[in-house]
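Asks: For reference, the file target-v8.cif (mmCIF, C-alpha atoms and all ligand atoms) is included below:
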```
data_data
loop_
_atom_site.label_atom_id
_atom_site.label_comp_id
_atom_site.auth_asym_id
_atom_site.auth_seq_id
_atom_site.Cartn_x
_atom_site.Cartn_y
_atom_site.Cartn_z
CA MET A 1495 99.04 -76.27 21.78
CA THR A 1496 98.43 -72.78 20.60
CA PHE A 1497 95.16 -72.21 22.41
CA GLN A 1498 95.03 -70.94 25.96
CA GLN A 1499 94.79 -73.68 28.59
CA PRO A 1500 92.21 -73.21 31.36
CA THR A 1501 93.26 -71.41 34.51
CA GLN A 1502 90.02 -72.10 36.39
CA ARG A 1503 87.89 -75.18 36.91
CA GLY A 1504 84.91 -73.37 35.39
CA GLU A 1505 86.65 -73.34 32.03
CA CYS A 1506 86.91 -77.12 32.18
CA GLU A 1507 83.19 -77.32 32.96
CA ARG A 1508 82.57 -75.29 29.83
CA MET A 1509 84.78 -77.65 27.79
CA ASP A 1510 82.74 -80.60 29.10
CA GLN A 1511 79.53 -78.90 28.01
CA LEU A 1512 80.87 -78.44 24.49
CA ASP A 1513 82.40 -81.94 24.27
CA PRO A 1514 80.87 -83.90 21.35
CA LEU A 1515 81.77 -87.18 23.12
CA ALA A 1516 80.22 -86.26 26.48
CA GLU A 1517 77.15 -88.46 25.96
CA PHE A 1518 79.27 -91.63 25.71
CA ARG A 1519 80.20 -91.50 29.40
CA ASP A 1520 76.78 -93.01 30.10
CA ARG A 1521 77.90 -96.16 28.34
CA PHE A 1522 80.12 -96.91 31.33
CA SER A 1523 79.55 -97.80 34.92
CA LEU A 1524 82.09 -95.88 36.98
CA PRO A 1525 82.21 -95.90 40.77
CA ASP A 1526 81.46 -92.64 42.57
CA GLY A 1527 84.46 -90.72 43.75
CA VAL A 1528 86.84 -92.26 41.23
CA ILE A 1529 88.75 -90.46 38.50
CA TYR A 1530 89.88 -93.27 36.29
CA LEU A 1531 93.13 -92.66 34.45
CA ASP A 1532 93.99 -96.32 33.95
CA GLY A 1533 91.81 -97.37 31.04
CA ASN A 1534 95.05 -98.07 29.19
CA SER A 1535 95.63 -101.01 31.57
CA LEU A 1536 92.06 -102.17 32.19
CA GLY A 1537 89.21 -100.37 30.48
CA ALA A 1538 86.25 -99.22 32.58
CA MET A 1539 83.25 -101.53 32.81
CA PRO A 1540 80.54 -100.98 30.19
CA ALA A 1541 77.24 -100.07 31.85
CA GLY A 1542 75.36 -103.11 30.60
CA ALA A 1543 78.12 -105.64 31.20
CA ALA A 1544 76.77 -107.32 34.33
CA GLN A 1545 73.32 -107.80 32.84
CA SER A 1546 74.54 -108.85 29.42
CA ILE A 1547 77.12 -111.34 30.71
CA GLY A 1548 74.51 -112.50 33.22
CA GLU A 1549 72.12 -113.35 30.40
CA VAL A 1550 74.79 -115.31 28.59
CA VAL A 1551 75.39 -117.23 31.81
CA SER A 1552 71.79 -117.89 32.80
CA ALA A 1553 69.91 -118.11 29.50
CA GLN A 1554 72.53 -119.28 27.03
CA TRP A 1555 74.67 -121.45 29.26
CA GLY A 1556 72.15 -122.36 31.96
CA SER A 1557 69.12 -123.06 29.76
CA GLY A 1558 70.52 -123.38 26.29
CA LEU A 1559 73.43 -125.57 27.33
CA ILE A 1560 75.36 -127.02 24.43
CA ARG A 1561 72.63 -125.99 21.98
CA SER A 1562 73.83 -122.39 22.38
CA TRP A 1563 76.89 -123.02 20.22
CA ASN A 1564 74.45 -122.96 17.30
CA ARG A 1565 71.32 -121.26 18.60
CA ALA A 1566 73.02 -118.35 20.31
CA GLY A 1567 75.67 -118.32 17.59
CA TRP A 1568 78.59 -118.77 20.01
CA VAL A 1569 80.62 -120.44 17.31
CA HIS A 1570 80.55 -117.23 15.25
CA TRP A 1571 81.56 -114.85 18.02
CA PRO A 1572 85.33 -114.90 17.33
CA ARG A 1573 84.63 -113.82 13.74
CA GLU A 1574 81.88 -111.34 14.61
CA LEU A 1575 83.89 -109.61 17.31
CA GLY A 1576 86.90 -109.72 15.00
CA ALA A 1577 84.87 -107.85 12.38
CA GLY A 1578 83.93 -105.26 15.00
CA ILE A 1579 87.60 -104.72 15.81
CA ALA A 1580 88.47 -104.66 12.10
CA ARG A 1581 86.31 -101.55 11.74
CA LEU A 1582 88.25 -99.84 14.54
CA VAL A 1583 91.67 -100.63 13.11
CA GLY A 1584 91.09 -100.06 9.40
CA ALA A 1585 91.04 -103.70 8.32
CA GLN A 1586 88.52 -105.75 6.35
CA ASP A 1587 85.98 -107.77 8.32
CA ASP A 1588 87.59 -111.09 7.39
CA GLU A 1589 91.09 -110.03 8.40
CA VAL A 1590 90.65 -110.01 12.18
CA ILE A 1591 89.81 -112.84 14.58
CA VAL A 1592 89.38 -112.74 18.34
CA ALA A 1593 91.25 -115.55 20.06
CA ASP A 1594 93.62 -116.38 22.89
CA SER A 1595 95.77 -113.75 24.62
CA THR A 1596 98.00 -111.11 23.10
CA SER A 1597 101.03 -113.16 24.10
CA VAL A 1598 99.74 -116.31 22.41
CA ASN A 1599 98.78 -114.41 19.26
CA LEU A 1600 102.23 -112.86 19.15
CA PHE A 1601 103.70 -116.33 19.23
CA LYS A 1602 101.41 -117.59 16.48
CA LEU A 1603 102.08 -114.72 14.10
CA ALA A 1604 105.78 -114.32 14.86
CA ALA A 1605 106.66 -118.02 14.72
CA GLY A 1606 104.64 -118.42 11.51
CA ALA A 1607 106.20 -115.32 9.95
CA LEU A 1608 109.68 -116.56 10.83
CA ALA A 1609 109.01 -119.91 9.17
CA LEU A 1610 107.68 -118.15 6.06
CA ALA A 1611 110.67 -115.81 5.88
CA GLN A 1612 113.11 -118.70 6.22
CA GLN A 1613 111.41 -120.69 3.48
CA ARG A 1614 112.13 -117.79 1.15
CA SER A 1615 115.56 -116.81 2.43
CA PRO A 1616 117.24 -119.12 4.95
CA GLY A 1617 119.80 -116.43 5.79
CA ARG A 1618 117.19 -114.37 7.58
CA ARG A 1619 117.50 -115.56 11.15
CA VAL A 1620 117.02 -112.46 13.29
CA ILE A 1621 113.94 -111.30 15.17
CA LEU A 1622 114.37 -107.59 15.71
CA SER A 1623 112.76 -105.58 18.47
CA GLU A 1624 113.28 -102.54 20.68
CA GLU A 1625 115.09 -102.60 24.01
CA GLY A 1626 112.22 -101.07 25.95
CA ASN A 1627 109.52 -103.21 24.36
CA PHE A 1628 106.86 -104.78 26.56
CA PRO A 1629 108.36 -107.83 28.29
CA THR A 1630 105.92 -110.40 26.92
CA ASP A 1631 106.87 -109.42 23.37
CA LEU A 1632 110.54 -109.93 24.19
CA TYR A 1633 109.89 -113.20 26.01
CA VAL A 1634 107.86 -114.57 23.10
CA ALA A 1635 110.74 -113.72 20.75
CA GLN A 1636 113.22 -115.40 23.09
CA GLY A 1637 111.02 -118.49 23.27
CA ILE A 1638 110.77 -118.72 19.49
CA ALA A 1639 114.55 -118.35 19.20
CA LYS A 1640 115.00 -121.41 21.42
CA THR A 1641 112.89 -123.67 19.23
CA ALA A 1642 112.98 -122.27 15.66
CA ALA A 1643 113.83 -125.01 13.19
CA GLY A 1644 115.98 -122.79 11.01
CA GLY A 1645 117.84 -121.15 13.90
CA CYS A 1646 117.08 -117.70 15.16
CA GLU A 1647 118.50 -114.92 17.27
CA VAL A 1648 116.83 -111.97 18.98
CA ARG A 1649 118.39 -108.56 18.34
CA LEU A 1650 117.35 -105.48 20.29
CA VAL A 1651 117.97 -101.91 19.25
CA GLY A 1652 117.45 -98.57 20.99
CA GLU A 1653 114.46 -96.32 20.56
CA GLY A 1654 114.09 -94.87 17.07
CA LYS A 1655 116.70 -97.27 15.62
CA LEU A 1656 114.45 -99.92 14.10
CA ALA A 1657 114.42 -98.81 10.47
CA GLU A 1658 118.20 -98.57 10.23
CA ALA A 1659 118.44 -102.10 11.67
CA PHE A 1660 116.35 -103.64 8.85
CA ARG A 1661 119.30 -105.55 7.38
CA ASP A 1662 119.32 -108.63 5.19
CA ASP A 1663 119.72 -111.08 8.05
CA VAL A 1664 116.47 -109.84 9.66
CA ALA A 1665 113.41 -112.02 9.19
CA LEU A 1666 110.91 -110.06 11.21
CA ALA A 1667 110.48 -107.21 13.64
CA LEU A 1668 108.18 -107.22 16.65
CA VAL A 1669 107.08 -103.62 16.99
CA THR A 1670 104.76 -102.22 19.62
CA GLN A 1671 103.16 -99.17 18.06
CA VAL A 1672 102.70 -97.21 21.29
CA ASP A 1673 105.38 -97.75 23.93
CA TYR A 1674 103.81 -98.85 27.20
CA ARG A 1675 106.09 -96.67 29.28
CA SER A 1676 106.68 -93.46 27.35
CA GLY A 1677 103.64 -93.55 25.08
CA ARG A 1678 105.89 -92.88 22.06
CA LEU A 1679 103.95 -93.60 18.84
CA HIS A 1680 105.52 -95.20 15.76
CA ASP A 1681 104.53 -93.92 12.34
CA MET A 1682 103.06 -97.12 11.01
CA ALA A 1683 102.93 -96.27 7.31
CA GLN A 1684 106.52 -95.07 7.26
CA LEU A 1685 107.94 -98.06 9.14
CA ASN A 1686 105.96 -100.51 7.00
CA ALA A 1687 107.35 -98.89 3.85
CA ARG A 1688 110.92 -99.19 5.14
CA ALA A 1689 110.34 -102.80 6.16
CA ARG A 1690 108.89 -103.71 2.79
CA GLN A 1691 111.92 -102.29 0.97
CA ALA A 1692 114.21 -104.29 3.23
CA GLY A 1693 112.26 -107.54 2.95
CA VAL A 1694 111.44 -107.52 6.68
CA GLN A 1695 108.04 -108.63 7.99
CA ILE A 1696 106.67 -106.52 10.87
CA VAL A 1697 104.39 -108.03 13.48
CA TRP A 1698 102.67 -105.05 15.11
CA ASP A 1699 101.53 -105.07 18.71
CA LEU A 1700 98.56 -102.69 18.94
CA SER A 1701 97.88 -103.20 22.65
CA HIS A 1702 98.09 -99.47 23.38
CA SER A 1703 96.70 -98.21 20.09
CA ALA A 1704 93.57 -100.20 19.18
CA GLY A 1705 90.59 -98.17 20.38
CA ALA A 1706 92.85 -95.28 21.39
CA LEU A 1707 93.44 -93.69 18.01
CA PRO A 1708 92.29 -94.22 14.41
CA LEU A 1709 94.30 -96.95 12.71
CA HIS A 1710 94.46 -97.81 9.03
CA LEU A 1711 96.16 -101.19 8.92
CA GLY A 1712 95.26 -101.88 5.29
CA ARG A 1713 96.03 -98.42 3.93
CA ASP A 1714 99.27 -98.18 5.92
CA GLY A 1715 100.59 -101.50 4.66
CA ALA A 1716 100.43 -103.59 7.84
CA GLN A 1717 100.27 -107.33 7.25
CA LEU A 1718 100.36 -108.89 10.70
CA ALA A 1719 99.21 -107.46 14.02
CA VAL A 1720 97.93 -108.43 17.43
CA GLY A 1721 96.20 -106.42 20.10
CA CYS A 1722 94.66 -106.50 23.51
CA GLY A 1723 90.97 -106.76 24.40
CA TYR A 1724 90.96 -105.46 27.96
CA LYS A 1725 92.71 -102.09 27.61
CA TYR A 1726 91.18 -99.42 25.37
CA LEU A 1727 88.64 -101.93 24.01
CA ASN A 1728 87.01 -102.25 27.45
CA GLY A 1729 86.54 -106.04 27.19
CA GLY A 1730 87.02 -106.83 30.89
CA PRO A 1731 89.85 -108.39 32.90
CA GLY A 1732 91.80 -110.89 30.80
CA ALA A 1733 89.49 -110.41 27.80
CA PRO A 1734 90.55 -112.34 24.69
CA ALA A 1735 92.91 -110.64 22.27
CA PHE A 1736 92.83 -110.28 18.50
CA ALA A 1737 94.98 -111.19 15.54
CA TYR A 1738 95.02 -109.37 12.21
CA VAL A 1739 96.36 -111.09 9.11
CA ALA A 1740 96.13 -109.29 5.78
CA LYS A 1741 94.09 -111.28 3.30
CA PRO A 1742 96.95 -112.18 0.88
CA LEU A 1743 98.93 -113.78 3.72
CA GLN A 1744 96.18 -115.93 5.14
CA ALA A 1745 96.00 -118.92 2.82
CA ASP A 1746 99.65 -119.99 3.01
CA PHE A 1747 100.40 -118.92 6.54
CA PRO A 1748 101.94 -121.80 8.53
CA MET A 1749 100.02 -121.83 11.83
CA PRO A 1750 102.49 -122.93 14.49
CA LEU A 1751 99.74 -123.59 17.05
CA ALA A 1752 97.49 -125.71 14.89
CA GLY A 1753 94.36 -126.61 16.82
CA TRP A 1754 90.98 -127.99 15.94
CA PHE A 1755 89.21 -124.61 15.82
CA GLY A 1756 91.63 -123.58 13.08
CA HIS A 1757 90.69 -126.62 11.00
CA SER A 1758 88.65 -126.09 7.86
CA ASN A 1759 85.96 -128.38 9.29
CA PRO A 1760 86.48 -128.93 13.03
CA PHE A 1761 83.48 -131.20 13.40
CA ALA A 1762 84.66 -133.60 10.74
CA PHE A 1763 87.10 -134.76 13.45
CA ALA A 1764 89.66 -135.57 10.77
CA GLN A 1765 93.03 -137.08 11.67
CA GLN A 1766 94.96 -134.64 9.55
CA PHE A 1767 95.09 -130.88 10.15
CA LEU A 1768 93.65 -129.13 7.14
CA PRO A 1769 93.68 -125.44 8.02
CA ALA A 1770 90.75 -123.16 7.29
CA ALA A 1771 91.44 -121.01 4.24
CA GLY A 1772 90.61 -117.71 5.90
CA ILE A 1773 91.08 -115.94 9.21
CA GLU A 1774 89.50 -118.86 11.16
CA ARG A 1775 92.84 -120.61 10.79
CA PHE A 1776 94.26 -118.35 13.47
CA GLN A 1777 92.08 -119.82 16.19
CA CYS A 1778 93.50 -122.70 18.15
CA GLY A 1779 91.04 -124.18 20.65
CA THR A 1780 87.50 -123.60 21.87
CA PRO A 1781 86.71 -119.89 22.31
CA PRO A 1782 86.10 -118.63 25.90
CA ILE A 1783 82.46 -117.63 25.56
CA LEU A 1784 81.97 -115.85 28.89
CA SER A 1785 85.03 -113.71 28.27
CA LEU A 1786 83.86 -113.02 24.73
CA ALA A 1787 80.56 -111.84 26.21
CA GLY A 1788 82.54 -109.21 28.12
CA LEU A 1789 84.47 -108.17 25.05
CA ARG A 1790 81.22 -107.88 23.14
CA CYS A 1791 80.04 -105.29 25.68
CA GLY A 1792 83.38 -103.52 25.41
CA LEU A 1793 83.18 -103.25 21.63
CA ALA A 1794 79.60 -102.01 21.85
CA THR A 1795 80.91 -98.92 23.68
CA PHE A 1796 82.40 -97.93 20.29
CA ASP A 1797 79.15 -98.17 18.32
CA GLY A 1798 78.74 -94.99 16.31
CA VAL A 1799 81.90 -93.47 17.76
CA ASP A 1800 84.13 -91.40 15.48
CA LEU A 1801 87.72 -92.29 16.34
CA GLN A 1802 88.92 -88.97 14.92
CA LEU A 1803 86.96 -87.29 17.69
CA VAL A 1804 88.38 -89.75 20.22
CA ARG A 1805 91.90 -88.89 19.07
CA ALA A 1806 91.25 -85.15 19.16
CA LYS A 1807 89.85 -85.33 22.69
CA SER A 1808 92.61 -87.65 23.85
CA LEU A 1809 95.20 -85.09 22.78
CA ALA A 1810 93.22 -82.28 24.39
CA LEU A 1811 92.95 -84.20 27.67
CA SER A 1812 96.63 -85.09 27.70
CA ALA A 1813 97.70 -81.56 26.77
CA LEU A 1814 95.55 -80.23 29.62
CA PHE A 1815 96.98 -82.76 32.07
CA LEU A 1816 100.56 -81.95 31.07
CA HIS A 1817 99.92 -78.24 31.30
CA LEU A 1818 98.29 -78.50 34.73
CA VAL A 1819 101.02 -80.73 36.17
CA GLU A 1820 103.69 -78.35 34.94
CA ALA A 1821 101.80 -75.27 36.18
CA GLN A 1822 100.44 -76.56 39.50
CA CYS A 1823 103.08 -79.10 40.46
CA ALA A 1824 106.10 -77.08 39.32
CA GLY A 1825 109.21 -77.72 41.38
CA MET A 1826 107.78 -80.92 42.88
CA GLY A 1827 110.06 -83.25 40.94
CA PHE A 1828 107.83 -84.51 38.12
CA ARG A 1829 109.55 -84.96 34.79
CA CYS A 1830 107.40 -85.84 31.77
CA ILE A 1831 109.11 -88.61 29.79
CA SER A 1832 106.44 -88.82 27.07
CA PRO A 1833 106.92 -87.04 23.75
CA ARG A 1834 105.84 -83.40 24.00
CA ASP A 1835 104.77 -83.47 20.37
CA PRO A 1836 101.17 -84.75 20.54
CA ASP A 1837 101.48 -86.42 17.12
CA ALA A 1838 104.31 -88.52 18.50
CA ARG A 1839 102.44 -90.04 21.41
CA GLY A 1840 99.57 -92.44 21.99
CA SER A 1841 96.90 -91.84 24.62
CA GLN A 1842 98.95 -91.66 27.81
CA LEU A 1843 101.48 -89.57 29.70
CA SER A 1844 104.21 -90.77 32.01
CA PHE A 1845 106.11 -88.80 34.60
CA ALA A 1846 109.32 -89.85 36.29
CA HIS A 1847 109.56 -89.08 39.99
CA PRO A 1848 111.90 -90.54 42.65
CA HIS A 1849 108.87 -91.32 44.85
CA ALA A 1850 106.57 -92.48 42.07
CA TRP A 1851 105.33 -95.57 43.92
CA PRO A 1852 104.09 -93.95 47.18
CA ILE A 1853 102.76 -90.91 45.31
CA MET A 1854 100.67 -93.15 43.07
CA GLN A 1855 99.38 -95.11 46.08
CA ALA A 1856 98.44 -91.87 47.84
CA ILE A 1857 96.45 -90.50 44.91
CA ILE A 1858 94.77 -93.88 44.31
CA ASP A 1859 93.71 -93.71 47.96
CA ARG A 1860 92.07 -90.37 47.11
CA GLY A 1861 90.26 -91.78 44.08
CA VAL A 1862 92.66 -90.85 41.29
CA ILE A 1863 93.63 -94.14 39.66
CA GLY A 1864 96.68 -94.30 37.43
CA ASP A 1865 99.47 -96.82 37.60
CA PHE A 1866 103.11 -97.20 38.48
CA ARG A 1867 105.66 -98.60 36.08
CA GLN A 1868 109.21 -99.59 36.85
CA PRO A 1869 111.51 -98.02 37.73
CA ASP A 1870 110.07 -94.64 38.73
CA LEU A 1871 107.09 -93.80 36.53
CA LEU A 1872 103.60 -92.54 37.22
CA ARG A 1873 101.52 -93.40 34.18
CA PHE A 1874 98.17 -91.87 33.26
CA GLY A 1875 95.94 -93.08 30.43
CA PHE A 1876 93.40 -90.97 28.54
CA THR A 1877 90.13 -92.57 27.52
CA PRO A 1878 87.93 -89.90 25.95
CA LEU A 1879 84.70 -91.92 26.01
CA TYR A 1880 84.41 -91.60 29.77
CA GLN A 1881 86.78 -88.88 30.95
CA ARG A 1882 85.81 -85.26 31.43
CA TYR A 1883 88.00 -82.19 31.36
CA THR A 1884 86.94 -81.51 34.95
CA ASP A 1885 88.28 -84.97 35.88
CA ILE A 1886 91.67 -83.89 34.63
CA TRP A 1887 91.46 -80.66 36.61
CA ASP A 1888 90.43 -82.48 39.78
CA ALA A 1889 93.06 -85.21 39.37
CA VAL A 1890 95.89 -82.70 39.17
CA ALA A 1891 94.46 -80.77 42.14
CA ILE A 1892 94.59 -83.99 44.18
CA LEU A 1893 98.13 -84.72 43.00
CA ARG A 1894 99.18 -81.22 44.04
CA GLU A 1895 97.53 -81.60 47.44
CA VAL A 1896 99.25 -84.94 48.06
CA MET A 1897 102.59 -83.30 47.26
CA LEU A 1898 102.04 -80.11 49.25
CA SER A 1899 100.88 -81.98 52.34
CA SER A 1900 103.51 -84.73 51.94
CA ALA A 1901 100.62 -87.16 52.36
CA TRP A 1902 102.44 -89.58 50.08
CA ASP A 1903 105.23 -89.95 52.66
CA ASP A 1904 103.33 -92.37 54.83
CA ALA A 1905 104.36 -95.90 55.78
CA ARG A 1906 101.15 -97.40 54.40
CA TYR A 1907 102.02 -96.26 50.88
CA ARG A 1908 105.39 -97.98 50.86
CA ALA A 1909 104.32 -101.62 50.65
CA ARG A 1910 104.48 -102.94 47.10
CA ASN A 1911 101.64 -104.91 45.55
CA ILE A 1912 102.13 -107.82 43.16
CA VAL A 1913 100.15 -106.11 40.40
CA THR A 1914 101.18 -102.52 39.85
C1 LIG A 2001 99.18 -105.26 27.74
C2 LIG A 2001 100.15 -105.72 26.71
C3 LIG A 2001 100.23 -107.08 26.38
C4 LIG A 2001 99.38 -108.07 27.11
O1 LIG A 2001 99.62 -109.38 26.81
P1 LIG A 2001 98.72 -110.49 27.50
O2 LIG A 2001 99.02 -111.70 26.76
O3 LIG A 2001 97.31 -110.04 27.43
O4 LIG A 2001 99.12 -110.56 28.94
C5 LIG A 2001 101.11 -107.43 25.36
N1 LIG A 2001 101.86 -106.51 24.73
C6 LIG A 2001 101.79 -105.21 25.06
C7 LIG A 2001 102.62 -104.20 24.32
C8 LIG A 2001 100.95 -104.78 26.05
O5 LIG A 2001 100.90 -103.50 26.39
#
```
Here is the file; what I need is its structure written in the form of structure tokens.
Ligand SMILES: *Cc1c(COP(=O)(O)O)cnc(C)c1O

Replies:
Amino acid sequence: MTFQQPTQRGECERMDQLDPLAEFRDRFSLPDGVIYLDGNSLGAMPAGAAQSIGEVVSAQWGSGLIRSWNRAGWVHWPRELGAGIARLVGAQDDEVIVADSTSVNLFKLAAGALALAQQRSPGRRVILSEEGNFPTDLYVAQGIAKTAAGGCEVRLVGEGKLAEAFRDDVALALVTQVDYRSGRLHDMAQLNARARQAGVQIVWDLSHSAGALPLHLGRDGAQLAVGCGYKYLNGGPGAPAFAYVAKPLQADFPMPLAGWFGHSNPFAFAQQFLPAAGIERFQCGTPPILSLAGLRCGLATFDGVDLQLVRAKSLALSALFLHLVEAQCAGMGFRCISPRDPDARGSQLSFAHPHAWPIMQAIIDRGVIGDFRQPDLLRFGFTPLYQRYTDIWDAVAILREVMLSSAWDDARYRARNIVT
């Protein structure tokens, strides 16, 4: 950053006044006394969520009962919400469907892509991924390797080594665009171009990029992708995920989890699976309507939002946070492990510290919510629709205070929770 970072809180107040995204904070319901830096794990609750989900429960479910599948249009929600996500990720409306979880969608797209690759060239039997990839991505690959008809092996490579590992025995690569620990961002267009040359299919995991930065799946040559509904998309705990399949791949894609909602005519109750021609094929069973109601509220928080502005503010917030930690918490043992080049990171920063767990518990206790990641990371997510520059200032002031006072070194902050 070439511009001067603030040295006083008043300068952050001024930045908030000039912030073109400031008005969007009202779209969220945030508890008093909380600075929320964990929207990368679970997005904040949209302001109208309780009322809107409540209406789906009482009017559509309670009164409408089964008629609501047609009258309230429930049956179309996976497509409609998919189209909403398509606009955020640079896809066409009929290339994205909301269904299942990220893990399940990874399985569907990866197992199908493996089968397709092996039909064309049986020698391609490797699923490639990165060593530090999110565990569910690795587990899904391992599970596919156990059952793949044509045989399959999982091969992991170190960070930055994917493109050179695109060899002729590789069928597909599972690539998470933004690393959940470091926040390192892959250049999607470049990696897709390398993969295409090498005959490798990439299945992108956009869990930490959809809603966090502008994406151009079509323009950048992505063909298959999945992503998460409850992180930057604000869909609520366990919200359904999405799957993106580029139009040319849809019609012949072998759906490994064939279910009746992927049938071309589910209510014909036919004996034989005849998959839908388009993106509907990538559904399996009945959509979870109440959870979709939450995701619908989450996607509405993006109405009229310019993701270029979101990206610009995300980088400004993270640059400010990094600067303040290094200036105000110097010598306290924090080591930033995220890329310093803003173009090379997503919308988060992680710091290694030998006492990361109790420090995080101590600041959470004081209203600054980030999260801990194994083995020694404090992770902070930046969500420009509801964060202010003054929040960043105040969060670092609290972190500094917890360090100076040794408040973190207290027995009550040592106990580990199940969910970190
Ligand atoms: C959060 C996350 C997931 C989540 O998968 P679920 O099936 O929703 O539990 C998957 N992949 C990555 C990279 C993630 O960050």

Asks: As a list of chain:residue names, please: the residues near A:Ala1838 (cut-off 9 Å, only C-alpha atoms, same-chain neighbours under 6 positions excluded).

Replies: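 Answer for this query is A:Gly1677, A:Arg1678, A:Leu1679, A:His1680, A:Asp1681, A:Ser1832.
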
Asks: Could the residues in this selection be saved with C-alpha atoms as an mmCIF file, in the coordinates of the input?

Replies:
```cif
data_model
loop_
_atom_site.group_PDB
_atom_site.id
_atom_site.type_symbol
_atom_site.label_atom_id
_atom_site.label_comp_id
_atom_site.auth_asym_id
_atom_site.auth_seq_id
_atom_site.Cartn_x
_atom_site.Cartn_y
_atom_site.Cartn_z
ATOM 1 C CA GLY A 1677 103.640 -93.550 25.080
ATOM 2 C CA ARG A 1678 105.890 -92.880 22.060
ATOM 3 C CA LEU A 1679 103.950 -93.600 18.840
ATOM 4 C CA HIS A 1680 105.520 -95.200 15.760
ATOM 5 C CA ASP A 1681 104.530 -93.920 12.340
ATOM 6 C CA SER A 1832 106.440 -88.820 27.070
#
```

Asks: Please write out the residues within 7 Å of ligand LIG 2001 (chain A) as number ranges by chain, counting all atoms listed in the file.

Replies: A: 1535, 1595-1598, 1627-1628, 1630-1631, 1670, 1674, 1699-1702, 1722, 1732, 1735

Asks: Restricting the calculation to only C-alpha atoms: of A:Glu1895, A:Asp1663, A:Glu1820, A:Asp1835, which residue gets closest to A:Arg1860?

Replies: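 Looking at the shortest contact to A:Arg1860, the residue is A:Glu1895.
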
Asks: I want to know what sits within 7 Å of A:Phe1660, based on all atoms listed in the file, with residues of the same chain fewer than 3 positions away left out; could you give that as a list of chain:residue names?

Replies: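 Using all atoms listed in the file, the neighbours found are A:Leu1656, A:Ala1657, A:Val1664, A:Ala1689, A:Ala1692, A:Val1694.
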
Asks: Name the residues in contact with A:Phe1747 at a cut-off of 9 Å, using all atoms listed in the file, excluding same-chain residues fewer than 6 positions from it; report them as a list in words.

Replies: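 Listed by chain and then number, they are Leu1603, Gly1606, Ala1607, Leu1610 and Arg1775 of chain A.
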
Asks: Set the distance at 9 Å and use all atoms listed in the file: which residues neighbour A:Arg1713 once local chain neighbours fewer than 6 positions away are removed? I'd like the list as number ranges by chain.

Replies: A: 1584-1585, 1683

Asks: Report as a tab-separated table the residues of stretch 1824-1914 of chain A within 10 Å of stretch 1811-1815 of chain A, each with its shortest atom pair and distance in Å (one decimal), using all atoms listed in the file, ordered by chain and increasing residue number.

Replies:
```
residue	atom	partner	partner_atom	distance
A:Arg1834	CA	A:Ala1813	CA	8.8
A:Asp1835	CA	A:Ala1813	CA	9.7
A:Pro1836	CA	A:Ala1813	CA	7.8
A:Arg1839	CA	A:Ser1812	CA	9.9
A:Gly1840	CA	A:Ser1812	CA	9.8
A:Ser1841	CA	A:Ser1812	CA	7.4
A:Gln1842	CA	A:Ser1812	CA	7.0
A:Leu1843	CA	A:Ser1812	CA	6.9
A:Phe1874	CA	A:Ser1812	CA	8.9
A:Gly1875	CA	A:Ser1812	CA	8.5
A:Phe1876	CA	A:Ser1812	CA	6.8
A:Thr1877	CA	A:Leu1811	CA	8.8
A:Pro1878	CA	A:Leu1811	CA	7.8
A:Gln1881	CA	A:Leu1811	CA	8.4
A:Arg1882	CA	A:Leu1811	CA	8.1
A:Tyr1883	CA	A:Leu1811	CA	6.5
A:Thr1884	CA	A:Leu1811	CA	9.8
A:Asp1885	CA	A:Leu1811	CA	9.5
A:Ile1886	CA	A:Phe1815	CA	6.0
A:Trp1887	CA	A:Phe1815	CA	7.4
A:Ala1889	CA	A:Phe1815	CA	8.6
A:Val1890	CA	A:Phe1815	CA	7.2
```

Asks: Residues within 12 Å of stretch 1763-1767 of chain A, please, as number ranges by chain. Count all atoms listed in the file; anything in the same chain fewer than 3 positions from it doesn't count.

Replies: A: 1748-1760, 1770, 1775, 1778

Asks: Mind writing the picked residues with C-alpha atoms as a compact mmCIF listing (two decimals), in the frame of the given file?

Replies:
```txt
# COMPACT_ATOMS: atom_id res chain seq x y z
CA PRO A 1748 101.94 -121.80 8.53
CA MET A 1749 100.02 -121.83 11.83
CA PRO A 1750 102.49 -122.93 14.49
CA LEU A 1751 99.74 -123.59 17.05
CA ALA A 1752 97.49 -125.71 14.89
CA GLY A 1753 94.36 -126.61 16.82
CA TRP A 1754 90.98 -127.99 15.94
CA PHE A 1755 89.21 -124.61 15.82
CA GLY A 1756 91.63 -123.58 13.08
CA HIS A 1757 90.69 -126.62 11.00
CA SER A 1758 88.65 -126.09 7.86
CA ASN A 1759 85.96 -128.38 9.29
CA PRO A 1760 86.48 -128.93 13.03
CA ALA A 1770 90.75 -123.16 7.29
CA ARG A 1775 92.84 -120.61 10.79
CA CYS A 1778 93.50 -122.70 18.15
```

Asks: In the coordinate frame of the file, compute which residues have an atom within 8 Å of (98.0, -108.6, 15.9) when using only C-alpha atoms, and state them as a list of chain:residue names.

Replies: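 Residues with an atom at most 8 Å from (98.0, -108.6, 15.9): A:Thr1596, A:Asn1599, A:Leu1600, A:Leu1603, A:Val1697, A:Trp1698, A:Asp1699, A:Leu1700, A:Leu1718, A:Ala1719, A:Val1720, A:Gly1721, A:Phe1736, A:Ala1737, A:Tyr1738, A:Val1739.
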
Asks: So the first atom is atom CA of A:Gly1792 and the second is atom CA of A:Ala1553; what is the distance between them in Å, to one decimal place?

Replies: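 So the answer is 20.3 Å.
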
Asks: Point out the residue among A:Ala1667, A:Trp1568, A:Cys1646, A:Gln1868 with the least atom-to-atom distance to A:Pro1781, counting all atoms listed in the file.

Replies: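 The answer is A:Trp1568, which sits nearest to A:Pro1781.
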